[in-house]
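One file, model-v9.cif, is given below (mmCIF, C-alpha atoms).
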```
data_my_file
#
loop_
_atom_site.label_atom_id
_atom_site.label_comp_id
_atom_site.auth_asym_id
_atom_site.auth_seq_id
_atom_site.Cartn_x
_atom_site.Cartn_y
_atom_site.Cartn_z
CA MET C 1288 -9.11 19.83 -1.60
CA LYS C 1289 -8.24 22.83 0.53
CA GLU C 1290 -7.94 20.95 3.78
CA SER C 1291 -5.68 18.25 2.39
CA THR C 1292 -3.44 20.77 0.64
CA GLU C 1293 -2.92 22.55 3.94
CA ARG C 1294 -2.18 19.26 5.61
CA ASP C 1295 0.38 18.48 2.92
CA ASP C 1296 2.16 21.76 3.50
CA ARG C 1297 2.72 20.97 7.18
CA LEU C 1298 3.96 17.50 6.31
CA LEU C 1299 7.65 16.64 6.09
CA ALA C 1300 8.46 13.43 4.19
CA LEU C 1301 11.96 12.00 4.56
CA MET C 1302 13.96 9.05 3.26
CA VAL C 1303 16.73 8.00 5.66
CA ARG C 1304 19.36 5.43 4.66
CA THR C 1305 21.05 3.45 7.46
CA PRO C 1306 22.81 0.10 7.84
CA ASP C 1307 20.33 -2.82 7.96
CA GLU C 1308 20.78 -3.64 11.67
CA PRO C 1309 18.51 -3.81 14.72
CA GLY C 1310 18.18 -0.51 16.58
CA MET C 1311 18.10 1.87 13.60
CA LEU C 1312 14.44 2.83 14.02
CA HIS C 1313 14.95 3.30 17.75
CA ALA C 1314 17.86 5.68 17.15
CA LEU C 1315 16.01 7.71 14.49
CA THR C 1316 12.82 8.02 16.55
CA ARG C 1317 14.84 9.47 19.45
CA VAL C 1318 15.81 12.46 17.28
CA ILE C 1319 12.23 12.86 16.02
CA LEU C 1320 10.95 12.71 19.60
CA GLU C 1321 13.44 15.40 20.65
CA HIS C 1322 11.82 17.63 18.01
CA ARG C 1323 8.33 16.74 19.37
CA ALA C 1324 7.24 15.86 15.82
CA ASN C 1325 4.36 13.44 15.19
CA ILE C 1326 5.13 10.42 13.02
CA THR C 1327 2.03 10.01 10.82
CA TYR C 1328 3.49 7.37 8.51
CA VAL C 1329 6.58 5.22 8.58
CA ASP C 1330 7.78 2.30 6.56
CA ILE C 1331 10.87 0.44 5.59
CA ALA C 1332 11.10 1.37 1.95
CA GLU C 1333 14.07 -0.70 0.89
CA ARG C 1334 16.13 -3.45 2.43
CA ARG C 1335 19.36 -4.50 0.82
CA GLU C 1336 22.21 -6.64 1.96
CA ASP C 1337 24.03 -3.84 3.73
CA SER C 1338 21.55 -0.98 3.97
CA SER C 1339 17.99 -0.11 4.72
CA THR C 1340 15.94 2.95 3.75
CA ILE C 1341 13.33 4.14 6.21
CA TYR C 1342 10.61 6.50 5.03
CA PHE C 1343 8.92 8.89 7.47
CA GLU C 1344 6.02 11.31 7.15
CA LEU C 1345 6.10 13.80 10.01
CA GLU C 1346 3.64 16.43 11.19
CA ASP C 1347 4.16 19.50 13.35
CA VAL C 1348 7.86 19.88 12.56
CA ALA C 1349 8.82 23.32 13.84
CA ALA C 1350 12.29 23.42 12.23
CA PRO C 1351 12.52 20.93 9.34
CA ASP C 1352 16.10 21.82 8.37
CA VAL C 1353 17.35 21.45 11.95
CA LEU C 1354 15.63 18.06 12.21
CA ILE C 1355 17.20 16.93 8.92
CA GLY C 1356 20.59 18.14 10.18
CA ASP C 1357 20.18 16.31 13.51
CA LEU C 1358 19.24 13.07 11.75
CA GLY C 1359 22.17 13.44 9.35
CA ALA C 1360 24.53 13.93 12.31
CA LEU C 1361 23.78 10.44 13.68
CA PRO C 1362 26.74 8.12 12.95
CA ILE C 1363 24.35 5.43 11.64
CA VAL C 1364 22.77 7.73 9.05
CA ARG C 1365 24.24 7.61 5.54
CA VAL C 1366 21.76 9.81 3.66
CA VAL C 1367 18.72 11.94 4.57
CA GLU C 1368 16.56 13.22 1.71
CA ARG C 1369 13.22 14.98 1.45
CA ALA C 1370 10.66 13.06 -0.63
CA PRO C 1371 7.12 13.78 -1.83
CA SER C 1372 4.66 12.12 0.56
CA PHE C 1373 2.64 9.07 -0.52
CA ALA C 1374 -0.49 11.04 0.36
CA LYS C 1375 0.55 13.61 -2.24
CA VAL C 1376 1.55 11.06 -4.89
CA TYR C 1377 -1.05 8.28 -4.55
CA GLY C 1378 -3.73 9.86 -2.30
CA LYS C 1379 -6.71 7.92 -0.97
CA ARG C 1380 -7.02 4.23 -1.72
CA ILE C 1381 -10.11 2.28 -2.76
CA ILE C 1382 -9.61 -1.47 -2.31
CA VAL C 1383 -11.43 -4.01 -4.52
CA ILE C 1384 -11.51 -7.63 -3.33
CA GLY C 1385 -13.25 -10.66 -4.82
CA GLY C 1386 -13.39 -12.85 -7.90
CA GLY C 1387 -11.15 -12.02 -10.86
CA ALA C 1388 -13.96 -11.46 -13.37
CA GLN C 1389 -15.87 -9.02 -11.15
CA VAL C 1390 -12.83 -7.28 -9.67
CA GLY C 1391 -11.61 -6.48 -13.21
CA GLN C 1392 -14.91 -4.82 -14.16
CA VAL C 1393 -15.18 -2.84 -10.90
CA VAL C 1394 -11.69 -1.50 -11.53
CA VAL C 1395 -12.58 -0.47 -15.11
CA GLY C 1396 -15.30 1.75 -13.63
CA ALA C 1397 -13.29 2.98 -10.67
CA VAL C 1398 -10.16 3.84 -12.65
CA ALA C 1399 -12.13 5.68 -15.35
CA GLU C 1400 -13.87 7.77 -12.69
CA ALA C 1401 -10.69 8.32 -10.63
CA ASP C 1402 -8.98 9.52 -13.83
CA ARG C 1403 -11.53 12.33 -14.13
CA HIS C 1404 -10.97 13.41 -10.52
CA ASN C 1405 -7.19 13.09 -10.62
CA ILE C 1406 -6.99 15.27 -13.75
CA ARG C 1407 -8.56 18.01 -11.65
CA GLY C 1408 -5.93 17.66 -8.93
CA GLU C 1409 -7.29 15.00 -6.59
CA ARG C 1410 -5.39 11.78 -5.91
CA ILE C 1411 -7.42 8.56 -5.80
CA SER C 1412 -5.82 5.12 -6.26
CA VAL C 1413 -7.62 1.83 -6.88
CA ASP C 1414 -5.98 -1.28 -5.41
CA THR C 1415 -7.14 -4.84 -5.87
CA ILE C 1416 -6.65 -8.42 -4.93
CA PRO C 1417 -8.51 -11.38 -6.46
CA LEU C 1418 -9.27 -13.91 -3.74
CA VAL C 1419 -11.68 -16.76 -3.04
CA GLY C 1420 -12.71 -18.56 0.16
CA GLU C 1421 -14.40 -17.22 3.29
CA GLU C 1422 -11.29 -17.30 5.45
CA ASN C 1423 -9.06 -15.55 2.88
CA LEU C 1424 -11.70 -12.94 2.17
CA ALA C 1425 -12.46 -12.19 5.82
CA ARG C 1426 -8.77 -11.78 6.55
CA ALA C 1427 -8.27 -9.44 3.58
CA VAL C 1428 -11.35 -7.38 4.54
CA ARG C 1429 -10.14 -6.96 8.14
CA ALA C 1430 -6.67 -5.96 6.91
CA VAL C 1431 -8.18 -3.06 4.90
CA ALA C 1432 -8.67 -1.17 8.18
CA ARG C 1433 -4.92 -1.17 8.74
CA LEU C 1434 -3.85 -0.36 5.16
CA PRO C 1435 -2.42 3.16 5.04
CA ARG C 1436 -4.71 5.69 3.25
CA ALA C 1437 -7.51 3.11 2.58
CA VAL C 1438 -10.95 4.78 2.72
CA ALA C 1439 -13.34 2.46 0.87
CA LEU C 1440 -13.74 -1.22 -0.01
CA VAL C 1441 -15.71 -2.80 -2.85
CA LEU C 1442 -16.60 -6.48 -2.45
CA ALA C 1443 -16.87 -7.92 -5.94
CA GLY C 1444 -17.97 -11.53 -5.90
CA ALA C 1445 -20.90 -13.82 -6.58
CA LEU C 1446 -21.29 -15.31 -3.06
CA MET C 1447 -20.00 -13.85 0.21
CA GLY C 1448 -21.30 -14.19 3.75
CA GLY C 1449 -20.54 -15.56 7.21
CA ASP C 1450 -17.28 -14.26 8.62
CA VAL C 1451 -16.85 -11.92 5.61
CA ALA C 1452 -20.05 -10.08 6.66
CA ARG C 1453 -18.77 -9.82 10.26
CA ALA C 1454 -15.48 -8.41 8.94
CA VAL C 1455 -17.44 -5.85 6.87
CA ARG C 1456 -19.28 -4.64 9.99
CA GLU C 1457 -16.01 -4.38 11.91
CA ILE C 1458 -14.23 -2.22 9.35
CA ARG C 1459 -17.32 -0.02 8.84
CA GLY C 1460 -17.02 0.62 12.59
CA LYS C 1461 -13.49 1.82 11.91
CA GLY C 1462 -14.63 4.33 9.29
CA ILE C 1463 -14.17 2.36 6.04
CA ILE C 1464 -17.00 2.78 3.47
CA VAL C 1465 -18.06 -0.63 2.08
CA LEU C 1466 -19.84 -1.23 -1.24
CA SER C 1467 -20.97 -4.67 -2.34
CA LEU C 1468 -22.10 -6.09 -5.64
CA ASN C 1469 -25.61 -7.56 -5.54
CA MET C 1470 -25.01 -11.23 -4.71
CA PRO C 1471 -26.20 -14.16 -2.59
CA GLY C 1472 -24.94 -14.33 1.00
CA SER C 1473 -25.10 -11.88 3.90
CA VAL C 1474 -22.46 -9.39 2.70
CA PRO C 1475 -24.88 -7.11 0.77
CA ASP C 1476 -26.91 -6.60 3.97
CA ALA C 1477 -23.75 -5.70 5.88
CA ALA C 1478 -22.53 -3.13 3.33
CA ASP C 1479 -23.20 0.62 3.14
CA LEU C 1480 -24.43 0.36 -0.43
CA VAL C 1481 -25.26 -2.42 -2.93
CA VAL C 1482 -24.71 -1.91 -6.65
CA SER C 1483 -25.61 -4.58 -9.23
CA ASP C 1484 -23.42 -3.47 -12.13
CA PRO C 1485 -19.69 -3.84 -11.36
CA VAL C 1486 -18.59 -0.87 -13.53
CA GLN C 1487 -21.20 1.32 -11.79
CA ALA C 1488 -20.02 0.02 -8.38
CA GLY C 1489 -16.48 1.16 -9.21
CA VAL C 1490 -17.68 4.58 -10.34
CA MET C 1491 -19.83 5.03 -7.23
CA ALA C 1492 -16.99 4.00 -4.89
CA VAL C 1493 -14.86 6.82 -6.33
CA MET C 1494 -17.77 9.27 -6.09
CA ALA C 1495 -18.25 8.30 -2.42
CA VAL C 1496 -14.67 9.16 -1.45
CA SER C 1497 -14.01 12.08 -3.78
CA GLU C 1498 -13.81 15.57 -2.35
CA SER C 1499 -15.28 17.13 -5.48
CA ALA C 1500 -18.25 14.80 -6.22
CA ARG C 1501 -21.72 15.70 -4.96
CA PHE C 1502 -22.55 12.10 -4.02
CA ASP C 1503 -23.04 11.72 -0.26
CA ILE C 1504 -22.94 8.08 0.85
CA ARG C 1505 -24.83 8.92 4.07
CA ARG C 1506 -27.93 9.70 1.99
CA HIS C 1507 -27.80 6.35 0.15
CA ARG C 1508 -26.88 3.98 2.99
CA GLY C 1509 -28.72 0.67 2.79
CA ARG C 1510 -29.96 1.26 -0.78
CA ARG C 1511 -29.61 -1.12 -3.70
CA TYR C 1512 -29.01 0.04 -7.28
CA MET B 745 6.25 -20.69 -2.79
CA LYS B 746 8.47 -22.65 -0.45
CA GLU B 747 10.82 -19.82 0.36
CA SER B 748 8.08 -17.32 1.13
CA THR B 749 6.16 -19.77 3.30
CA GLU B 750 9.27 -20.34 5.36
CA ARG B 751 9.76 -16.60 5.62
CA ASP B 752 6.17 -16.20 6.83
CA ASP B 753 6.66 -18.77 9.56
CA ARG B 754 9.57 -16.84 11.06
CA LEU B 755 7.59 -13.61 10.90
CA LEU B 756 5.74 -12.14 13.86
CA ALA B 757 3.07 -9.55 13.00
CA LEU B 758 1.71 -7.40 15.83
CA MET B 759 -0.84 -4.64 16.29
CA VAL B 760 -0.04 -2.39 19.26
CA ARG B 761 -2.50 0.23 20.50
CA THR B 762 -1.08 3.26 22.34
CA PRO B 763 -2.13 6.85 23.03
CA ASP B 764 -1.61 9.11 19.98
CA GLU B 765 1.35 11.06 21.37
CA PRO B 766 4.95 11.68 20.32
CA GLY B 767 7.41 9.11 21.65
CA MET B 768 5.26 5.99 21.30
CA LEU B 769 7.30 4.47 18.44
CA HIS B 770 10.52 5.26 20.28
CA ALA B 771 9.30 3.44 23.41
CA LEU B 772 8.08 0.38 21.46
CA THR B 773 11.26 0.07 19.40
CA ARG B 774 13.33 -0.01 22.61
CA VAL B 775 11.62 -3.27 23.64
CA ILE B 776 12.00 -4.71 20.13
CA LEU B 777 15.69 -3.76 20.14
CA GLU B 778 16.18 -5.47 23.53
CA HIS B 779 14.92 -8.66 21.87
CA ARG B 780 17.34 -8.11 18.94
CA ALA B 781 14.42 -8.57 16.52
CA ASN B 782 14.54 -7.10 13.02
CA ILE B 783 11.69 -4.76 12.07
CA THR B 784 10.89 -5.66 8.44
CA TYR B 785 7.70 -3.61 8.19
CA VAL B 786 6.09 -0.96 10.33
CA ASP B 787 3.21 1.41 9.84
CA ILE B 788 0.71 3.46 11.72
CA ALA B 789 -2.44 1.53 11.00
CA GLU B 790 -4.99 3.75 12.67
CA ARG B 791 -4.99 7.18 14.21
CA ARG B 792 -7.96 8.34 16.21
CA GLU B 793 -8.48 11.27 18.51
CA ASP B 794 -7.08 9.54 21.56
CA SER B 795 -5.32 6.44 20.30
CA SER B 796 -3.02 5.15 17.63
CA THR B 797 -2.46 1.59 16.40
CA ILE B 798 1.04 0.69 15.23
CA TYR B 799 1.55 -2.41 13.13
CA PHE B 800 4.90 -4.24 13.12
CA GLU B 801 6.27 -7.17 11.16
CA LEU B 802 9.29 -8.62 12.95
CA GLU B 803 11.86 -11.20 11.93
CA ASP B 804 14.20 -13.31 14.03
CA VAL B 805 12.10 -13.20 17.18
CA ALA B 806 13.56 -15.83 19.49
CA ALA B 807 10.73 -15.71 22.07
CA PRO B 808 7.56 -14.20 20.57
CA ASP B 809 5.44 -14.62 23.71
CA VAL B 810 8.05 -12.95 25.91
CA LEU B 811 8.29 -10.04 23.46
CA ILE B 812 4.49 -9.66 23.42
CA GLY B 813 4.51 -9.73 27.24
CA ASP B 814 7.27 -7.12 27.45
CA LEU B 815 5.42 -4.79 25.04
CA GLY B 816 2.17 -5.27 26.96
CA ALA B 817 3.97 -4.38 30.21
CA LEU B 818 4.80 -0.85 28.95
CA PRO B 819 2.49 1.66 30.66
CA ILE B 820 1.72 3.32 27.29
CA VAL B 821 0.50 0.07 25.68
CA ARG B 822 -3.25 -0.58 25.80
CA VAL B 823 -3.47 -3.69 23.61
CA VAL B 824 -1.01 -6.01 21.84
CA GLU B 825 -2.43 -8.49 19.34
CA ARG B 826 -0.97 -10.88 16.81
CA ALA B 827 -2.18 -10.21 13.24
CA PRO B 828 -1.71 -11.97 9.90
CA SER B 829 1.08 -10.17 8.01
CA PHE B 830 0.31 -8.06 4.93
CA ALA B 831 2.75 -10.26 3.03
CA LYS B 832 0.54 -13.24 3.85
CA VAL B 833 -2.75 -11.45 3.09
CA TYR B 834 -1.97 -9.29 0.04
CA GLY B 835 1.42 -10.61 -1.12
CA LYS B 836 3.43 -9.02 -3.92
CA ARG B 837 2.14 -5.85 -5.56
CA ILE B 838 2.05 -4.98 -9.26
CA ILE B 839 1.49 -1.26 -9.81
CA VAL B 840 -0.26 0.07 -12.93
CA ILE B 841 0.10 3.79 -13.71
CA GLY B 842 -1.15 5.82 -16.67
CA GLY B 843 -4.31 6.89 -18.49
CA GLY B 844 -7.67 5.68 -17.21
CA ALA B 845 -8.68 3.83 -20.39
CA GLN B 846 -5.45 1.84 -20.62
CA VAL B 847 -4.98 1.28 -16.87
CA GLY B 848 -8.46 -0.30 -16.72
CA GLN B 849 -7.66 -2.78 -19.49
CA VAL B 850 -4.24 -3.70 -18.05
CA VAL B 851 -5.93 -4.45 -14.73
CA VAL B 852 -8.55 -6.66 -16.41
CA GLY B 853 -5.69 -8.82 -17.69
CA ALA B 854 -3.60 -8.67 -14.52
CA VAL B 855 -6.45 -9.44 -12.12
CA ALA B 856 -7.70 -12.36 -14.22
CA GLU B 857 -4.21 -13.85 -14.26
CA ALA B 858 -3.54 -13.10 -10.56
CA ASP B 859 -6.84 -14.84 -9.74
CA ARG B 860 -5.52 -18.07 -11.28
CA HIS B 861 -2.30 -17.87 -9.26
CA ASN B 862 -3.97 -16.83 -5.99
CA ILE B 863 -6.40 -19.77 -6.19
CA ARG B 864 -3.33 -22.01 -6.09
CA GLY B 865 -2.03 -20.32 -2.93
CA GLU B 866 0.06 -17.40 -4.19
CA ARG B 867 -0.72 -13.83 -3.22
CA ILE B 868 -0.48 -11.21 -5.98
CA SER B 869 -2.23 -7.80 -5.73
CA VAL B 870 -2.72 -5.30 -8.54
CA ASP B 871 -2.70 -1.63 -7.52
CA THR B 872 -3.35 1.32 -9.81
CA ILE B 873 -3.46 5.04 -10.14
CA PRO B 874 -4.68 6.95 -13.20
CA LEU B 875 -2.44 9.98 -13.73
CA VAL B 876 -1.44 12.34 -16.52
CA GLY B 877 1.47 14.77 -16.94
CA GLU B 878 5.22 14.12 -17.02
CA GLU B 879 5.89 15.48 -13.53
CA ASN B 880 3.05 13.54 -11.84
CA LEU B 881 3.99 10.36 -13.68
CA ALA B 882 7.72 10.61 -12.91
CA ARG B 883 6.98 11.19 -9.23
CA ALA B 884 4.59 8.23 -9.07
CA VAL B 885 7.10 5.98 -10.88
CA ARG B 886 9.93 6.92 -8.47
CA ALA B 887 7.64 6.32 -5.48
CA VAL B 888 7.04 2.70 -6.62
CA ALA B 889 10.55 1.83 -5.40
CA ARG B 890 9.55 2.77 -1.85
CA LEU B 891 6.09 1.14 -1.84
CA PRO B 892 6.13 -1.90 0.46
CA ARG B 893 5.94 -5.25 -1.43
CA ALA B 894 5.95 -3.61 -4.92
CA VAL B 895 7.78 -5.82 -7.43
CA ALA B 896 6.63 -4.70 -10.91
CA LEU B 897 5.26 -1.62 -12.67
CA VAL B 898 3.19 -1.42 -15.85
CA LEU B 899 3.15 1.96 -17.62
CA ALA B 900 -0.16 2.17 -19.45
CA GLY B 901 -0.42 5.33 -21.51
CA ALA B 902 -0.32 6.66 -25.04
CA LEU B 903 2.69 9.03 -24.67
CA MET B 904 5.38 8.91 -22.02
CA GLY B 905 8.99 10.04 -22.09
CA GLY B 906 11.50 12.54 -20.67
CA ASP B 907 11.73 12.39 -16.92
CA VAL B 908 9.35 9.41 -16.81
CA ALA B 909 11.92 7.37 -18.77
CA ARG B 910 14.67 8.48 -16.36
CA ALA B 911 12.48 7.43 -13.41
CA VAL B 912 11.93 4.02 -15.09
CA ARG B 913 15.70 3.46 -15.34
CA GLU B 914 16.17 4.47 -11.69
CA ILE B 915 13.60 2.03 -10.30
CA ARG B 916 14.82 -0.78 -12.55
CA GLY B 917 18.19 -0.18 -10.86
CA LYS B 918 16.42 -0.81 -7.54
CA GLY B 919 15.04 -4.17 -8.71
CA ILE B 920 11.55 -3.22 -9.95
CA ILE B 921 10.48 -4.96 -13.22
CA VAL B 922 8.98 -2.42 -15.66
CA LEU B 923 6.60 -3.23 -18.53
CA SER B 924 5.36 -0.59 -20.94
CA LEU B 925 2.58 -0.50 -23.48
CA ASN B 926 3.77 0.19 -27.02
CA MET B 927 3.53 3.98 -27.33
CA PRO B 928 5.32 7.11 -28.57
CA GLY B 929 7.97 8.60 -26.28
CA SER B 930 11.14 7.17 -24.74
CA VAL B 931 9.50 5.03 -22.03
CA PRO B 932 9.22 1.82 -24.14
CA ASP B 933 13.00 1.92 -24.75
CA ALA B 934 13.61 2.29 -21.01
CA ALA B 935 11.36 -0.63 -19.98
CA ASP B 936 12.22 -4.32 -19.51
CA LEU B 937 9.48 -5.41 -21.88
CA VAL B 938 7.03 -3.74 -24.29
CA VAL B 939 3.57 -5.23 -24.88
CA SER B 940 1.08 -3.70 -27.35
CA ASP B 941 -2.17 -5.16 -26.02
CA PRO B 942 -3.05 -3.83 -22.54
CA VAL B 943 -4.81 -7.02 -21.37
CA GLN B 944 -1.78 -9.06 -22.48
CA ALA B 945 0.52 -6.59 -20.68
CA GLY B 946 -1.39 -7.18 -17.43
CA VAL B 947 -1.23 -10.95 -17.84
CA MET B 948 2.51 -10.86 -18.60
CA ALA B 949 3.24 -8.63 -15.60
CA VAL B 950 1.69 -11.24 -13.32
CA MET B 951 3.56 -14.05 -15.11
CA ALA B 952 6.81 -12.13 -14.62
CA VAL B 953 6.44 -11.92 -10.83
CA SER B 954 4.69 -15.20 -10.12
CA GLU B 955 6.58 -17.99 -8.42
CA SER B 956 4.70 -20.69 -10.31
CA ALA B 957 4.76 -19.34 -13.90
CA ARG B 958 7.42 -20.49 -16.33
CA PHE B 959 7.88 -17.04 -17.83
CA ASP B 960 11.37 -15.65 -17.15
CA ILE B 961 11.56 -11.91 -17.80
CA ARG B 962 15.35 -12.11 -18.17
CA ARG B 963 14.91 -14.11 -21.38
CA HIS B 964 12.56 -11.50 -22.90
CA ARG B 965 14.24 -8.25 -21.82
CA GLY B 966 14.11 -5.59 -24.55
CA ARG B 967 11.56 -7.47 -26.65
CA ARG B 968 8.31 -6.08 -28.04
CA TYR B 969 5.11 -8.11 -28.33
#
```
Could you render the structure from this file as structure tokens?
Amino acid sequence: MKESTERDDRLLALMVRTPDEPGMLHALTRVILEHRANITYVDIAERREDSSTIYFELEDVAAPDVLIGDLGALPIVRVVERAPSFAKVYGKRIIVIGGGAQVGQVVVGAVAEADRHNIRGERISVDTIPLVGEENLARAVRAVARLPRAVALVLAGALMGGDVARAVREIRGKGIIVLSLNMPGSVPDAADLVVSDPVQAGVMAVMAVSESARFDIRRHRGRRY
Amino acid sequence: MKESTERDDRLLALMVRTPDEPGMLHALTRVILEHRANITYVDIAERREDSSTIYFELEDVAAPDVLIGDLGALPIVRVVERAPSFAKVYGKRIIVIGGGAQVGQVVVGAVAEADRHNIRGERISVDTIPLVGEENLARAVRAVARLPRAVALVLAGALMGGDVARAVREIRGKGIIVLSLNMPGSVPDAADLVVSDPVQAGVMAVMAVSESARFDIRRHRGRRY
């Protein structure tokens, strides 16, 4: 907890409203670059007919109020507001992908366990998508590596292999922890950990990413429960 | 379905790898601006010690291959790759916030229903965070309006009111559909729809945002089931 709290304190999160026209992001990033701040997260939070709201999370901002003033002074900028960062509000994300029946049960376990951690001040979210088909699944697995704040994936199905297993190995190489239900196909062999009961798999996924749990995934890699 | 498929076809999704230094986003957006393309989504997909991967979704790109070539020609750019867009992979997002016990049951309903729609080609994700406390809840509710692709929120608790109800009215004003379980507090009165059974609430949330369901939330606004 300590480390992430410190990180949060150095973080400046801003909502900036501009007209919805090409060039807005280029103009805003010039000001941020002049302040030598690092953009750690950015997204277009809202697009309406005549306006667009861009959300930034910035690190290493020496003079936050001056930066806010400089952004506000741009003719294109209508409003600049501080906002709580997504990292602070929603925290780390566990992604659950697979068949509807199994995904639902994994989430029951994961949400119940995340509740216990979040009550004590952590922030762990559980995000899901029910999907079938090798191509759809492989694509969704690969996309986990580029989802902001995603740290672990649970594959919750009754048959997964082929390109899905290759995708699992790729995202493990990018630092994502992967749990799999016990099922036919090559995905269980590609995962960090195999758990037969879906509720237990959800609980263990949260334990693996929590900062307060004593469960260390490195000591259980390759095991089946 | 038709509309969103057409939208996908006009969309160019790119992963761009650069050094992890200030100024990268500013340099990339200059090239995008020169092509008069609209940035509809952007995020920093990966940050490592020495490199950073920025993910863009662009609209109205007249010459995608020329744009990719121009980005690749920048000295800071190490790799440019096309990627499937998040909209195509994960689709619309329903967010479920509240107590662990209720959130789990809402997701069981929502995921089972989303499964049926996704099998037919839609893309609906269900994302959750278990949270307690008026301040935490109000902050998480407000943040839903700036989550990319979020279209509906289900509040799944046993007591919610005060600032949470104000936050519900604010995000409804920004186009988010809000369902609430039947519970004490002022949140049910602030929501679009109140559903007593959590599994049913999850199913109805998916029906409300699906493009293929016949359920029209406008005809049920203010009702309690």
Where does the PyMOL selection byres ((chain B and resi 761-765) around 6) land in this file, that is, which residues does it pick, as a CSV table (one decimal) with C-alpha atoms, in the frame of the given file?
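Saved result, part.csv, follows:
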```csv
chain,number,residue,atom,x,y,z
B,760,VAL,CA,0.0,-2.4,19.3
B,766,PRO,CA,5.0,11.7,20.3
B,794,ASP,CA,-7.1,9.5,21.6
B,795,SER,CA,-5.3,6.4,20.3
B,796,SER,CA,-3.0,5.2,17.6
B,797,THR,CA,-2.5,1.6,16.4
B,820,ILE,CA,1.7,3.3,27.3
B,821,VAL,CA,0.5,0.1,25.7
B,822,ARG,CA,-3.2,-0.6,25.8
B,823,VAL,CA,-3.5,-3.7,23.6
```
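Against this structure, the PyMOL selection byres ((chain B) within 6 of (chain C)) ends up with B:Pro766, B:Gly767, B:His770, B:Thr773, B:Leu777, B:Asn782, B:Tyr785, B:Val786, B:Asp787, B:Ile788, B:Ala789, B:Val833, B:Gly844, B:Gly848, B:Val852, B:Val855, B:Ala856, B:Asp859, B:Ser869, B:Val870, B:Asp871, B:Thr872, B:Ile873, B:Pro874, B:Ala884, B:Arg890.
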Apply the PyMOL selection byres ((chain B and resi 928-941) around 9) to the displayed file and report the matching residues as a ChimeraX atom specification.
-> /B:849-850,899,902-906,908-910,912-913,916,921-927,942-946,948,961-962,964-969
Listed atoms of region 1477-1481 of chain C, axis-aligned box, 6 Å per side: centre and edge lengths to one decimal in Å, as JSON?
```
{"center_x": -23.9, "center_y": -2.5, "center_z": 1.5, "size_x": 14.7, "size_y": 18.3, "size_z": 20.8}
```
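Separating CA of Leu1299 (chain C) from CA of Pro1351 (chain C) is a distance of 7.3 Å.
The interatomic distance for the pair CA of Glu801 (chain B) and CA of Ala831 (chain B) works out to 9.4 Å.
Between CA of Glu1346 (chain C) and CA of Leu1298 (chain C) the interatomic distance comes to 5.0 Å.
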Can you fill out region 1411-1422 of chain C with N, CA and C atoms and hand it back as a PDB file, keeping the file's coordinate frame?
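That gives us result_23.pdb:
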```pdb
ATOM      1  N   ILE C1411      -6.688   9.752  -6.214  1.00  0.00           N
ATOM      2  CA  ILE C1411      -7.420   8.560  -5.800  1.00  0.00           C
ATOM      3  C   ILE C1411      -6.808   7.355  -6.503  1.00  0.00           C
ATOM      4  N   SER C1412      -6.386   6.364  -5.731  1.00  0.00           N
ATOM      5  CA  SER C1412      -5.820   5.120  -6.260  1.00  0.00           C
ATOM      6  C   SER C1412      -6.830   3.998  -6.113  1.00  0.00           C
ATOM      7  N   VAL C1413      -6.728   2.993  -6.967  1.00  0.00           N
ATOM      8  CA  VAL C1413      -7.620   1.830  -6.880  1.00  0.00           C
ATOM      9  C   VAL C1413      -6.747   0.584  -6.782  1.00  0.00           C
ATOM     10  N   ASP C1414      -6.849  -0.122  -5.670  1.00  0.00           N
ATOM     11  CA  ASP C1414      -5.980  -1.280  -5.410  1.00  0.00           C
ATOM     12  C   ASP C1414      -6.838  -2.527  -5.282  1.00  0.00           C
ATOM     13  N   THR C1415      -6.308  -3.646  -5.778  1.00  0.00           N
ATOM     14  CA  THR C1415      -7.140  -4.840  -5.870  1.00  0.00           C
ATOM     15  C   THR C1415      -6.410  -6.088  -5.416  1.00  0.00           C
ATOM     16  N   ILE C1416      -7.178  -7.071  -4.986  1.00  0.00           N
ATOM     17  CA  ILE C1416      -6.650  -8.420  -4.930  1.00  0.00           C
ATOM     18  C   ILE C1416      -7.766  -9.427  -5.219  1.00  0.00           C
ATOM     19  N   PRO C1417      -7.535 -10.302  -6.219  1.00  0.00           N
ATOM     20  CA  PRO C1417      -8.510 -11.380  -6.460  1.00  0.00           C
ATOM     21  C   PRO C1417      -8.282 -12.498  -5.451  1.00  0.00           C
ATOM     22  N   LEU C1418      -9.354 -12.884  -4.773  1.00  0.00           N
ATOM     23  CA  LEU C1418      -9.270 -13.910  -3.740  1.00  0.00           C
ATOM     24  C   LEU C1418     -10.552 -14.713  -3.702  1.00  0.00           C
ATOM     25  N   VAL C1419     -10.467 -15.976  -3.297  1.00  0.00           N
ATOM     26  CA  VAL C1419     -11.680 -16.760  -3.040  1.00  0.00           C
ATOM     27  C   VAL C1419     -11.578 -17.400  -1.657  1.00  0.00           C
ATOM     28  N   GLY C1420     -12.706 -17.833  -1.116  1.00  0.00           N
ATOM     29  CA  GLY C1420     -12.710 -18.560   0.160  1.00  0.00           C
ATOM     30  C   GLY C1420     -13.028 -17.630   1.310  1.00  0.00           C
ATOM     31  N   GLU C1421     -13.944 -18.077   2.192  1.00  0.00           N
ATOM     32  CA  GLU C1421     -14.400 -17.220   3.290  1.00  0.00           C
ATOM     33  C   GLU C1421     -13.257 -16.745   4.179  1.00  0.00           C
ATOM     34  N   GLU C1422     -12.357 -17.660   4.516  1.00  0.00           N
ATOM     35  CA  GLU C1422     -11.290 -17.300   5.450  1.00  0.00           C
ATOM     36  C   GLU C1422     -10.352 -16.253   4.829  1.00  0.00           C
TER      37      GLU C1422
END
```
